[in-house]
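S.K.: Sharing a structure with you now.
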Amino acid sequence: MSTTFQLDTSTSRAHPTPAPMKRLTVPQIRARKVDGVTAEPIVMLTAYTARQAQLLDAHCDLLLVGDSLGQVIYGLPSSVPVTLDMMVAHGAAVVRGSYHAAVVVDMPFGSYEASPEAAFASAARVLKETGCAAIKLEGGEAMAATVAFLVQRGIPVMGHVGLTPQAVNVLGGYNARGRSTAEADKIMADARALDNAGAFAVVIEGVVEPIAVAITQAIGCPTIGIGASAQCDGQVLVTDDMLGLFERVPRFVKVYENLAEVIGNAAAHYAADVRARTFPGPEQTYQPRADKTA
């Protein structure tokens with residue numbers, strides 16, 4: 001038996017609830033791709049809180065606790081300032097709020113690049129303190145030795161190539177990558193290196209479509225596209241983007257709902273009720289049981 005935590009909506013408290021071990025595993029995700037073909041595409045979304053994880057869990061194969069929480073949750077200008085403590089706290093919340101999807105936690109900038117040993121120390125902490133299934137790190141050939149080091153020591157790794165947000169200061173922005181032959185060759189080499197090092201999947205972000213398709217056909221592990229190609233073995237989006245919580249989203253994002261408008265309208269109606277003194281009091285909402293005596 002495994003333990004998950006269900007949110008009691010009447011009290012807003014999370015309670016441990018025994019549940020059969022149903023989580024998808026890293027080997028199951030890796031096994032989706034057979035002889036270069038993934039018959040059932042892999043569904044991945046970001047999650048940062050227990051409640052968000054509960055709402056997404058049944059629909060996803062993977063939940064990514066992305067370092068995009070720096071911008072989405074904390075209002076930071078990029079993911080660079082995100083700390084390991086932040087990732088651990090949010091990773092643990094997402095694991096508590098889910099039972100089906102495999103949870104992957106991003107390694108933040110500065111927590112893994114110095115050496116394989118440093119990466120192991122950070123990744124081991126993430127797995128121990130969150131209960132997640134795997135970690136994700138950015139970088140290609142330069143990080144291949146680190147990926148192999150981690151995998152050989154029992155830490156599953158998802159790679160990330162193309163537009164790597166942690167390297168935004170080097171890349172000079174969030175423009176699509178792979179337009180030149182040299183850059184396309186580099187991204188392909190990066191993906192191959194991660195695959196050979198033992199990554200169970202590779203995110204391809206912000207890469208021109210022909211390169212994303214070529215990588216998907218060339219490597220053995222599944223590819224997860226974001227702003228790349230529908231022909232990748234799976235897709236990921238920042239959940240808050242596809243729910244319309246921000247006025248501006250990347251061009252490749254399909255917005256499925258406009259929750260910003262919904263929330264804004266609800267807050268406006270609440271404010272109007274308060275100012276009109278029509279907000280209900282306890283006596284208008286509480287219904288005592290018929291058999292209750294004083």
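In the structure tokens, chains take letters A, B, ... by order of appearance, with residues numbered from 1 within each chain and ligands from 1 in the order shown.
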Show me, as a list in words, the residues that have an atom within 12 Å of A:Ser115 when counting only C-alpha atoms, minus same-chain residues fewer than 5 positions from it.
M.R.: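 In the requested format, the answer is Gly110, Phe120, Ala121, Ser122, Ala142, Met143, Ala144, Ala145, Thr146, Val147, Phe149 and Leu150 of chain A.
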S.K.: Please report the interatomic distance between atom CA of A:Glu117 and atom CA of A:Ala197 in Å with one decimal.
M.R.: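 Between atom CA of A:Glu117 and atom CA of A:Ala197 the gap works out to 15.9 Å.
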S.K.: What's the separation between atom CA of A:Val203 and atom CA of A:Met158, in Å to one decimal place?
M.R.: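 That distance, rounded to one decimal, is 7.3 Å.
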S.K.: As number ranges by chain, which residues of stretch 45-183 of chain A does DSSP assign to alpha helix (DSSP H)?
M.R.: A: 50-57, 69-72, 84-96, 116-130, 144-152, 168-171, 181-183
S.K.: List the neighbours of A:Phe109 out to 10 Å using only C-alpha atoms; skip same-chain residues closer than 6 positions along the sequence, and give me the result as a count of residues only.
M.R.: 12
S.K.: Can you build me a table of stretch 129-169 of chain A residues sitting at most 9 Å from stretch 21-38 of chain A, with the closest atom pair per residue and its distance in Å to one decimal, using only C-alpha atoms, sorted by chain and residue number, as a tab-separated table?
M.R.:
```
residue	atom	partner	partner_atom	distance
A:Ala133	CA	A:Val26	CA	6.9
A:Ala134	CA	A:Val26	CA	7.5
A:Pro156	CA	A:Val26	CA	7.3
```
S.K.: Output N, CA and C atoms of each residue in that selection to a file, as a PDB file, in the first residue's frame.
M.R.:
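Done, and the output landed in result.pdb:
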```pdb
ATOM      1  N   ALA A 133       9.629  10.560  -8.420  1.00  0.00           N
ATOM      2  CA  ALA A 133      10.133   9.416  -9.169  1.00  0.00           C
ATOM      3  C   ALA A 133      11.437   9.717  -9.896  1.00  0.00           C
ATOM      4  N   ALA A 134      11.669  10.986 -10.238  1.00  0.00           N
ATOM      5  CA  ALA A 134      12.831  11.319 -11.071  1.00  0.00           C
ATOM      6  C   ALA A 134      13.114  12.807 -10.977  1.00  0.00           C
ATOM      7  N   PRO A 156      16.747   8.281 -11.521  1.00  0.00           N
ATOM      8  CA  PRO A 156      16.259   8.445 -12.890  1.00  0.00           C
ATOM      9  C   PRO A 156      16.331   9.906 -13.318  1.00  0.00           C
TER      10      PRO A 156
END
```
S.K.: Given the choices A:Ile219, A:Leu163, A:Leu76, A:Val103, which gets closest to A:Ala50 if the distance is worked out from only C-alpha atoms?
M.R.: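 When distances to A:Ala50 are compared using only C-alpha atoms, the smallest one comes from A:Val103.
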S.K.: What's the separation between atom CA of A:Ala230 and atom CA of A:Tyr48, in Å to one decimal place?
M.R.: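 One can read the atom CA of A:Ala230 to atom CA of A:Tyr48 distance as 25.0 Å.
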